[in-house]
file entry.txt (compact mmCIF, C-alpha atoms)
# COMPACT_ATOMS: atom_id res chain seq x y z
CA MET D 47 0.00 0.00 0.00
CA GLY D 48 2.75 2.44 0.92
CA ASP D 49 4.73 1.58 -2.22
CA VAL D 50 1.73 2.39 -4.41
CA ALA D 51 1.04 5.65 -2.58
CA LEU D 52 4.62 6.77 -3.14
CA THR D 53 4.14 6.61 -6.92
CA VAL D 54 1.51 9.37 -6.79
CA PRO D 55 3.82 12.42 -6.64
CA VAL D 56 5.69 11.25 -9.75
CA ILE D 57 2.69 10.12 -11.78
CA ARG D 58 0.82 13.36 -11.03
CA ASN D 59 3.85 15.45 -12.00
CA VAL D 60 4.47 13.49 -15.21
CA ILE D 61 0.85 13.86 -16.32
CA GLU D 62 0.63 17.56 -15.42
CA ASN D 63 3.83 18.41 -17.30
CA ASN D 64 3.22 16.33 -20.43
CA SER D 65 -0.06 17.46 -21.94
CA ASP D 66 -0.04 14.84 -24.71
CA LEU D 67 0.70 11.91 -22.40
CA GLN D 68 -1.78 9.25 -21.36
CA ILE D 69 -1.02 6.54 -18.83
CA ILE D 70 -2.75 3.24 -18.11
CA LEU D 71 -1.90 2.26 -14.54
CA VAL D 72 -2.29 -1.37 -13.53
CA THR D 73 -3.13 -1.54 -9.84
CA ARG D 74 -5.61 -2.90 -7.32
CA PRO D 75 -9.10 -1.35 -6.91
CA PHE D 76 -8.47 -0.50 -3.25
CA PHE D 77 -5.73 1.94 -4.24
CA ALA D 78 -7.87 3.93 -6.68
CA PRO D 79 -8.45 6.86 -4.25
CA PHE D 80 -4.72 7.63 -4.31
CA PHE D 81 -5.03 8.73 -7.92
CA PHE D 82 -8.26 10.73 -7.70
CA GLY D 83 -8.34 13.80 -9.92
CA ILE D 84 -5.28 12.99 -12.05
CA PRO D 85 -6.22 13.70 -15.68
CA ARG D 86 -5.43 11.34 -18.56
CA LEU D 87 -4.75 8.51 -16.13
CA LYS D 88 -6.76 5.33 -16.69
CA LEU D 89 -6.76 2.74 -13.95
CA TYR D 90 -6.88 -0.92 -14.90
CA PHE D 91 -7.68 -3.49 -12.21
CA PRO D 92 -6.37 -6.98 -13.04
CA LYS D 93 -8.19 -10.04 -11.72
CA LEU D 94 -5.13 -11.59 -10.11
CA GLU D 95 -7.16 -14.25 -8.30
CA GLY D 96 -9.25 -14.99 -11.38
CA LYS D 97 -8.63 -14.76 -15.12
CA HIS D 98 -5.17 -13.19 -14.66
CA LYS D 99 -3.85 -15.75 -12.16
CA GLY D 100 -0.79 -17.82 -13.00
CA LEU D 101 1.39 -17.75 -16.10
CA LYS D 102 -1.52 -18.23 -18.50
CA GLY D 103 -3.40 -15.53 -16.63
CA LEU D 104 -0.50 -13.12 -16.99
CA TYR D 105 -0.49 -13.74 -20.73
CA ARG D 106 -4.22 -12.93 -20.76
CA LEU D 107 -3.40 -9.76 -18.78
CA PHE D 108 -0.85 -8.83 -21.43
CA ALA D 109 -3.40 -9.52 -24.17
CA ASP D 110 -6.09 -7.46 -22.41
CA LEU D 111 -3.70 -4.54 -21.92
CA ARG D 112 -2.48 -4.81 -25.50
CA GLU D 113 -6.01 -4.22 -26.76
CA MET D 114 -6.01 -0.87 -24.95
CA GLY D 115 -2.84 0.24 -26.76
CA PRO D 116 -0.79 0.95 -28.75
CA TYR D 117 1.98 1.85 -26.30
CA GLU D 118 5.17 3.83 -26.65
CA GLY D 119 6.63 2.14 -23.59
CA ILE D 120 6.02 -0.03 -20.56
CA ILE D 121 7.22 1.34 -17.22
CA ASP D 122 7.62 -1.28 -14.51
CA LEU D 123 7.59 0.44 -11.11
CA HIS D 124 7.37 -2.83 -9.17
CA ASP D 125 10.05 -5.13 -10.63
CA VAL D 126 8.72 -8.44 -9.30
CA ILE D 127 8.17 -11.75 -11.10
CA ARG D 128 4.63 -10.90 -12.14
CA THR D 129 5.49 -7.52 -13.65
CA LYS D 130 8.65 -8.91 -15.24
CA ILE D 131 6.61 -11.55 -17.06
CA VAL D 132 4.02 -9.10 -18.39
CA SER D 133 6.78 -6.67 -19.38
CA PHE D 134 8.58 -9.49 -21.21
CA PHE D 135 5.53 -10.18 -23.32
CA PHE D 136 5.42 -6.53 -24.38
CA TRP D 137 9.15 -6.59 -25.10
CA LEU D 138 8.64 -9.56 -27.41
CA ILE D 139 6.30 -7.47 -29.60
CA GLY D 140 8.76 -4.58 -29.73
CA VAL D 141 7.46 -2.29 -26.98
CA PRO D 142 10.34 -0.73 -24.97
CA VAL D 143 10.37 -1.67 -21.28
CA TYR D 144 11.83 0.49 -18.50
CA SER D 145 12.17 -1.09 -15.05
CA ILE D 146 12.82 0.51 -11.69
CA ASN D 147 16.17 0.01 -9.98
CA LYS D 148 15.16 -0.76 -6.41
CA GLY D 149 18.72 -0.70 -5.08
CA ARG D 150 18.41 -4.17 -3.61
CA LYS D 151 22.19 -4.69 -3.44
CA GLU D 152 22.73 -1.46 -1.52
CA LYS D 153 19.92 -2.29 0.90
CA ASN D 154 21.24 -5.79 1.49
CA ARG D 155 24.71 -4.35 2.10
CA ILE D 156 23.32 -2.16 4.89
CA ILE D 157 21.59 -5.17 6.44
CA ARG D 158 24.81 -7.18 6.27
CA THR D 159 27.29 -4.55 7.47
CA LYS D 160 25.02 -2.30 9.59
CA LYS D 161 26.82 0.67 8.07
CA ILE D 162 24.13 3.25 7.38
CA THR D 163 24.18 5.01 4.03
CA VAL D 164 21.13 7.08 3.12
CA LEU D 165 19.82 5.64 -0.14
CA LYS D 166 17.56 7.21 -2.75
CA HIS D 167 13.98 7.65 -1.67
CA SER D 168 11.58 5.22 -3.36
CA THR D 169 9.70 8.11 -4.94
CA GLN D 170 12.91 9.34 -6.56
CA ARG D 171 13.47 5.83 -7.90
CA TYR D 172 10.03 6.00 -9.52
CA ALA D 173 10.94 9.37 -11.04
CA ASP D 174 14.24 7.96 -12.32
CA THR D 175 12.35 5.20 -14.13
CA PHE D 176 10.29 7.73 -16.06
CA ILE D 177 13.43 9.72 -16.80
CA LYS D 178 15.03 6.53 -18.13
CA ALA D 179 12.10 6.35 -20.54
CA GLY D 180 12.78 9.90 -21.73
CA ILE D 181 9.93 11.47 -19.77
CA GLY D 182 10.73 14.38 -17.49
CA ALA D 183 9.71 13.66 -13.91
CA ARG D 184 10.16 15.35 -10.57
CA ILE D 185 8.62 15.04 -7.14
CA GLY D 186 7.44 18.60 -6.45
CA GLU D 187 5.85 19.58 -3.16
CA ALA D 188 3.02 18.13 -1.05
CA PRO D 189 0.09 17.74 -0.93
CA TYR D 190 0.04 15.20 -3.74
CA ILE D 191 -3.15 13.25 -3.01
CA ASP D 192 -6.56 14.76 -3.71
CA TYR D 193 -10.08 13.67 -2.79
CA SER D 194 -13.68 14.20 -3.84
CA THR D 195 -15.92 16.97 -2.53
CA GLU D 196 -18.14 14.35 -0.93
CA ALA D 197 -15.20 12.76 0.89
CA PHE D 198 -14.08 16.18 2.13
CA GLN D 199 -17.54 17.10 3.40
CA ASN D 200 -17.98 13.79 5.23
CA ALA D 201 -14.51 14.01 6.76
CA ARG D 202 -14.89 17.64 7.78
CA SER D 203 -18.29 17.00 9.35
CA TYR D 204 -16.88 14.14 11.42
CA LEU D 205 -13.73 15.90 12.58
CA LEU D 206 -15.37 19.19 13.48
CA GLY D 207 -18.06 17.29 15.37
CA LYS D 208 -15.35 15.90 17.66
CA ILE D 209 -13.56 19.18 18.35
CA PRO D 210 -14.88 20.89 21.51
CA GLU D 211 -13.45 24.35 20.79
CA LYS D 212 -11.23 26.33 18.46
CA GLY D 213 -7.52 26.00 19.01
CA THR D 214 -7.77 22.27 19.70
CA LEU D 215 -4.87 20.22 18.36
CA LYS D 216 -5.91 17.45 15.96
CA ILE D 217 -3.50 14.49 16.14
CA GLY D 218 -3.78 11.31 14.12
CA LEU D 219 -2.41 8.10 15.62
CA SER D 220 -1.53 5.06 13.55
CA PRO D 221 -0.09 2.52 16.02
CA PHE D 222 0.11 -0.49 13.71
CA ALA D 223 2.21 -1.68 10.78
CA ASN D 224 2.22 -4.81 8.65
CA THR D 225 4.94 -6.54 10.69
CA GLU D 226 5.61 -6.78 14.43
CA PRO D 227 9.19 -5.33 14.43
CA LYS D 228 7.67 -2.04 13.23
CA ILE D 229 5.12 -1.70 16.06
CA TRP D 230 5.85 0.44 19.12
CA GLY D 231 2.95 -0.86 21.23
CA LEU D 232 -0.37 0.47 22.56
CA GLU D 233 0.88 0.90 26.13
CA ASN D 234 3.51 3.31 24.85
CA PHE D 235 0.85 5.22 22.95
CA LYS D 236 -1.32 5.44 26.04
CA GLU D 237 1.57 6.96 27.97
CA LEU D 238 2.32 9.42 25.16
CA ILE D 239 -1.35 10.43 24.95
CA SER D 240 -1.41 11.11 28.69
CA LEU D 241 1.70 13.28 28.47
CA ILE D 242 0.24 15.32 25.61
CA ASN D 243 -3.11 15.69 27.39
CA GLN D 244 -1.42 17.17 30.44
CA ASN D 245 -0.33 20.29 28.58
CA HIS D 246 -2.33 20.57 25.34
CA LYS D 247 -5.96 20.80 24.25
CA THR D 248 -6.00 17.83 21.91
CA VAL D 249 -8.28 15.45 20.06
CA PHE D 250 -6.82 12.16 18.86
CA PHE D 251 -8.02 10.14 15.86
CA LEU D 252 -7.12 6.48 15.38
CA PHE D 253 -6.19 5.23 11.90
CA GLY D 254 -5.27 1.90 10.36
CA GLY D 255 -5.48 -1.76 11.17
CA GLY D 256 -7.21 -4.95 10.11
CA GLU D 257 -9.91 -6.83 12.02
CA LYS D 258 -7.56 -7.88 14.83
CA GLU D 259 -6.07 -4.40 15.15
CA LEU D 260 -9.50 -2.75 15.18
CA LYS D 261 -10.33 -4.57 18.40
CA LEU D 262 -7.13 -3.30 19.98
CA LEU D 263 -7.75 0.23 18.72
CA SER D 264 -11.20 0.15 20.30
CA GLN D 265 -9.48 -0.54 23.63
CA LEU D 266 -7.13 2.40 23.05
CA GLU D 267 -10.13 4.59 22.29
CA LYS D 268 -11.39 3.96 25.84
CA HIS D 269 -8.14 5.24 27.34
CA SER D 270 -9.29 8.85 27.13
CA GLU D 271 -12.53 10.61 26.19
CA ASN D 272 -10.73 12.71 23.56
CA ILE D 273 -9.74 9.66 21.47
CA HIS D 274 -11.93 8.77 18.48
CA MET D 275 -11.87 5.84 16.07
CA VAL D 276 -11.60 6.49 12.34
CA ALA D 277 -10.29 3.06 11.26
CA GLY D 278 -12.96 0.75 9.95
CA LYS D 279 -15.65 3.43 9.81
CA TYR D 280 -14.83 5.43 6.70
CA THR D 281 -13.72 4.89 3.11
CA LEU D 282 -10.08 5.26 2.16
CA SER D 283 -10.91 8.51 0.35
CA GLU D 284 -12.59 9.89 3.47
CA GLU D 285 -9.64 8.84 5.61
CA ILE D 286 -7.28 10.64 3.23
CA ALA D 287 -9.43 13.78 3.53
CA MET D 288 -9.36 13.51 7.34
CA ILE D 289 -5.60 13.06 7.38
CA ARG D 290 -5.24 16.23 5.31
CA MET D 291 -7.05 18.17 8.07
CA LEU D 292 -4.82 16.98 10.90
CA ASP D 293 -2.23 19.10 12.64
CA LEU D 294 0.03 16.10 13.19
CA MET D 295 0.25 12.38 12.50
CA ILE D 296 2.19 10.02 14.75
CA ALA D 297 2.71 6.69 13.02
CA MET D 298 4.84 3.64 12.60
CA ASP D 299 6.80 2.87 9.43
CA SER D 300 3.49 2.19 7.67
CA SER D 301 1.13 3.20 4.89
CA ASN D 302 -0.55 5.82 7.08
CA MET D 303 2.82 7.44 7.63
CA HIS D 304 3.11 7.78 3.86
CA LEU D 305 -0.46 9.02 3.42
CA ALA D 306 0.11 11.73 6.01
CA SER D 307 3.38 12.97 4.52
CA LEU D 308 1.95 12.83 0.99
CA SER D 309 -0.93 14.95 2.29
CA GLY D 310 1.49 17.61 3.48
CA VAL D 311 0.82 16.92 7.16
CA LYS D 312 3.56 17.01 9.78
CA THR D 313 4.42 13.36 10.34
CA ILE D 314 6.30 11.93 13.29
CA SER D 315 7.29 8.33 12.58
CA VAL D 316 8.63 5.71 15.00
CA TRP D 317 11.22 3.24 13.67
CA GLY D 318 12.32 -0.07 15.19
CA GLY D 319 13.64 -2.97 13.13
CA THR D 320 13.60 -0.99 9.89
CA HIS D 321 15.43 2.24 9.02
CA PRO D 322 14.47 5.40 7.08
CA ALA D 323 17.80 5.24 5.23
CA PHE D 324 16.44 2.48 2.98
CA GLY D 325 14.36 5.05 1.09
CA PHE D 326 10.94 4.46 2.65
CA SER D 327 10.95 7.44 4.99
CA ALA D 328 8.04 9.87 5.26
CA LEU D 329 8.50 11.92 2.09
CA GLY D 330 9.45 15.54 2.61
CA GLN D 331 9.63 15.31 6.42
CA PRO D 332 12.71 16.55 8.30
CA ASP D 333 15.12 13.87 9.46
CA GLU D 334 14.45 14.69 13.11
CA TYR D 335 10.79 13.72 12.59
CA HIS D 336 11.93 10.09 12.24
CA ILE D 337 12.21 8.80 15.81
CA GLN D 338 14.70 5.95 16.26
CA PRO D 339 16.42 4.09 19.12
CA PRO D 340 19.56 5.72 20.49
CA GLU D 341 22.58 4.95 18.34
CA GLY D 342 25.36 2.65 19.50
CA ILE D 343 23.29 0.43 21.79
CA LEU D 344 22.03 -2.25 19.40
CA THR D 345 24.29 -3.98 16.90
CA CYS D 346 21.43 -5.86 15.23
CA ARG D 347 19.61 -2.86 13.77
CA PRO D 348 18.41 -2.55 11.08
CA CYS D 349 17.48 -6.22 10.94
CA SER D 350 15.59 -6.13 7.64
CA VAL D 351 14.45 -3.81 4.87
CA PHE D 352 10.73 -4.34 5.34
CA GLY D 353 10.54 -5.52 8.95
CA ALA D 354 9.73 -9.10 7.98
CA LYS D 355 12.56 -10.73 9.95
CA PRO D 356 11.69 -11.89 13.51
CA CYS D 357 13.56 -10.20 16.34
CA ILE D 358 16.51 -12.12 17.78
CA TYR D 359 15.48 -11.06 21.30
CA PRO D 360 12.42 -12.30 23.25
CA THR D 361 11.05 -8.75 23.12
CA LEU D 362 11.58 -5.89 20.68
CA ARG D 363 14.65 -4.25 22.19
CA CYS D 364 14.76 -1.52 19.55
CA MET D 365 11.21 -0.37 20.37
CA GLU D 366 11.75 -0.71 24.10
CA LEU D 367 14.58 1.81 23.86
CA ILE D 368 12.12 4.44 22.57
CA LYS D 369 10.33 5.95 25.57
CA ALA D 370 7.07 7.89 25.49
CA LYS D 371 8.65 10.63 27.59
CA ASP D 372 11.48 11.02 25.08
CA ILE D 373 9.05 11.27 22.17
CA TYR D 374 6.95 13.85 24.00
CA GLU D 375 10.03 15.95 24.77
CA THR D 376 11.00 15.65 21.10
CA LEU D 377 7.55 16.87 20.02
CA VAL D 378 7.91 19.88 22.30
CA ARG D 379 11.43 20.62 21.07
CA LEU D 380 10.32 20.39 17.44
CA ASP D 381 7.39 22.73 18.20
CA VAL D 382 4.85 20.51 16.40
CA LEU D 383 2.18 20.51 19.12
CA ASN D 384 0.46 23.56 17.73
CA PRO D 385 -2.95 23.63 16.00
CA LYS D 386 -3.09 25.01 12.49
CA SER D 387 -5.78 27.14 10.91
CA LYS D 388 -6.52 26.21 7.33
CA ASN D 389 -9.66 27.02 5.36
CA GLY D 390 -11.80 26.71 8.41
CA GLU D 391 -10.73 23.14 8.98
call {"tool": "encode", "arguments": {"input": "entry.txt", "output": "structure tokens"}}
result
Amino acid sequence: MGDVALTVPVIRNVIENNSDLQIILVTRPFFAPFFFGIPRLKLYFPKLEGKHKGLKGLYRLFADLREMGPYEGIIDLHDVIRTKIVSFFFWLIGVPVYSINKGRKEKNRIIRTKKITVLKHSTQRYADTFIKAGIGARIGEAPYIDYSTEAFQNARSYLLGKIPEKGTLKIGLSPFANTEPKIWGLENFKELISLINQNHKTVFFLFGGGEKELKLLSQLEKHSENIHMVAGKYTLSEEIAMIRMLDLMIAMDSSNMHLASLSGVKTISVWGGTHPAFGFSALGQPDEYHIQPPEGILTCRPCSVFGAKPCIYPTLRCMELIKAKDIYETLVRLDVLNPKSKNGE
């Protein structure tokens, strides 16, 4: 999800700066709201569990896409087996193929040596792929993601209905990620919420999570009367609109971290087993907004690129080294606990 969201700044810029260009983007239906309002962009949703499943299915996908052509080029922003196969079919009929360089060797070197080198951001790698194809591309400035008027009105109505008075700080919380080594823990969030509540008029909104996580978020919602659940209640487009209205998002290394930064919202991210140097950091956010364990204590970090490797300790040492008090003091030092005033939001 985060990888797809990070393509938006580049695709929007490419379309806006090439008036004769049309793009067919192959993606999943759930991600469609990311690309709302981008002209001359046609979304195609493959049936990967149906007619487009397996090698024969991928050939049918190629054939279906071919009928929508002709094409001047195929740009592979994913570079996995499935996209390689479809791209190969196009190459066989003479269509040029341009594939992303994900920097896998450099990332694996960091994992192996633990010597941190800040690599290209993933969004820049997407831009480089278009440039390789002879199409000018740049990232530009946030916000990159748009939303419908209906989504905005629904989101605004909900948020404003939860704000007791003007000058109240609106903070989004996204405590979960797709793997355990990237999760700080709800008890830590409870402590951080209490510290913020002591000195600031704040309303918290909970984002993200599957069915299991929703149950845990509902418990977090009961921690304080100024915490409200968004996850599981609204469409992705409405959630994006709500995120845009926040003063601050506090998130893990997760898709909601990306959605907040792509929306131009101040985004504080908490990092455990993974590392922002791999190129998946919150786009456009200052380095000090990426909260990490103190340096020099752990020799095992980062343990993986995507957080998929189990921790070698019984508990997540890297996350345990990040204290709620330290994050709160960092928020105060960075002067991010201030409500904004934007278009009456």
call {"tool": "closest_atom_pairs", "arguments": {"input": "entry.txt", "of": "range 132-207 of chain D", "to": "range 105-125 of chain D", "cutoff": "10 Å", "atoms": "only C-alpha atoms", "output": "tab-separated table"}}
result
residue	atom	partner	partner_atom	distance
D:Val132	CA	D:Phe108	CA	5.7
D:Ser133	CA	D:Ile120	CA	6.8
D:Phe134	CA	D:Phe108	CA	9.5
D:Phe135	CA	D:Phe108	CA	6.8
D:Phe136	CA	D:Phe108	CA	7.3
D:Trp137	CA	D:Ile120	CA	8.6
D:Gly140	CA	D:Gly119	CA	9.3
D:Val141	CA	D:Gly119	CA	5.6
D:Pro142	CA	D:Gly119	CA	4.9
D:Val143	CA	D:Ile120	CA	4.7
D:Tyr144	CA	D:Ile121	CA	4.9
D:Ser145	CA	D:Asp122	CA	4.6
D:Ile146	CA	D:Leu123	CA	5.3
D:Asn147	CA	D:Asp125	CA	8.0
D:Lys148	CA	D:Asp125	CA	7.9
D:Ser168	CA	D:Leu123	CA	9.9
D:Arg171	CA	D:Leu123	CA	8.6
D:Tyr172	CA	D:Leu123	CA	6.3
D:Ala173	CA	D:Leu123	CA	9.5
D:Thr175	CA	D:Ile121	CA	7.1
D:Phe176	CA	D:Ile121	CA	7.2
D:Lys178	CA	D:Ile121	CA	9.4
D:Ala179	CA	D:Gly119	CA	7.5
call {"tool": "closest_atom_pairs", "arguments": {"input": "entry.txt", "of": "range 172-256 of chain D", "to": "range 362-373 of chain D", "cutoff": "6 Å", "atoms": "all atoms listed in the file", "output": "tab-separated table"}}
result
residue	atom	partner	partner_atom	distance
D:Trp230	CA	D:Met365	CA	5.6
D:Asn234	CA	D:Ala370	CA	5.8
D:Leu238	CA	D:Ala370	CA	5.0
call {"tool": "atom_distance", "arguments": {"input": "entry.txt", "atom1": "CA of Glu226 in chain D", "atom2": "CA of Thr159 in chain D"}}
result
22.9 Å
call {"tool": "closest_residue", "arguments": {"input": "entry.txt", "among": "D:Gly231, D:Gly182, D:Gly96, D:Gly218", "to": "Val311 in chain D", "atoms": "all atoms listed in the file"}}
result
D:Gly218
call {"tool": "axis_aligned_box", "arguments": {"input": "entry.txt", "around": "range 360-370 of chain D", "padding_each_side": "4 Å", "output": "lines of an AutoDock Vina configuration file"}}
result
center_x = 10.9
center_y = -2.2
center_z = 22.6
size_x = 15.7
size_y = 28.2
size_z = 14.0
call {"tool": "atom_distance", "arguments": {"input": "entry.txt", "atom1": "CA of Ile185 in chain D", "atom2": "CA of Lys153 in chain D"}}
result
22.2 Å
call {"tool": "closest_residue", "arguments": {"input": "entry.txt", "among": "D:Gln244, D:Ser203, D:Ser283, D:Ser327", "to": "Val351 in chain D", "atoms": "all atoms listed in the file"}}
result
D:Ser327
call {"tool": "closest_residue", "arguments": {"input": "entry.txt", "among": "D:Leu266, D:Leu101, D:Ala306, D:Ala188", "to": "Glu237 in chain D", "atoms": "all atoms listed in the file"}}
result
D:Leu266
call {"tool": "closest_residue", "arguments": {"input": "entry.txt", "among": "D:Met47, D:Ser270, D:Ile177, D:Ala183", "to": "Ile61 in chain D", "atoms": "all atoms listed in the file"}}
result
D:Ala183
call {"tool": "atom_distance", "arguments": {"input": "entry.txt", "atom1": "CA of Pro210 in chain D", "atom2": "CA of Val249 in chain D"}}
result
8.7 Å
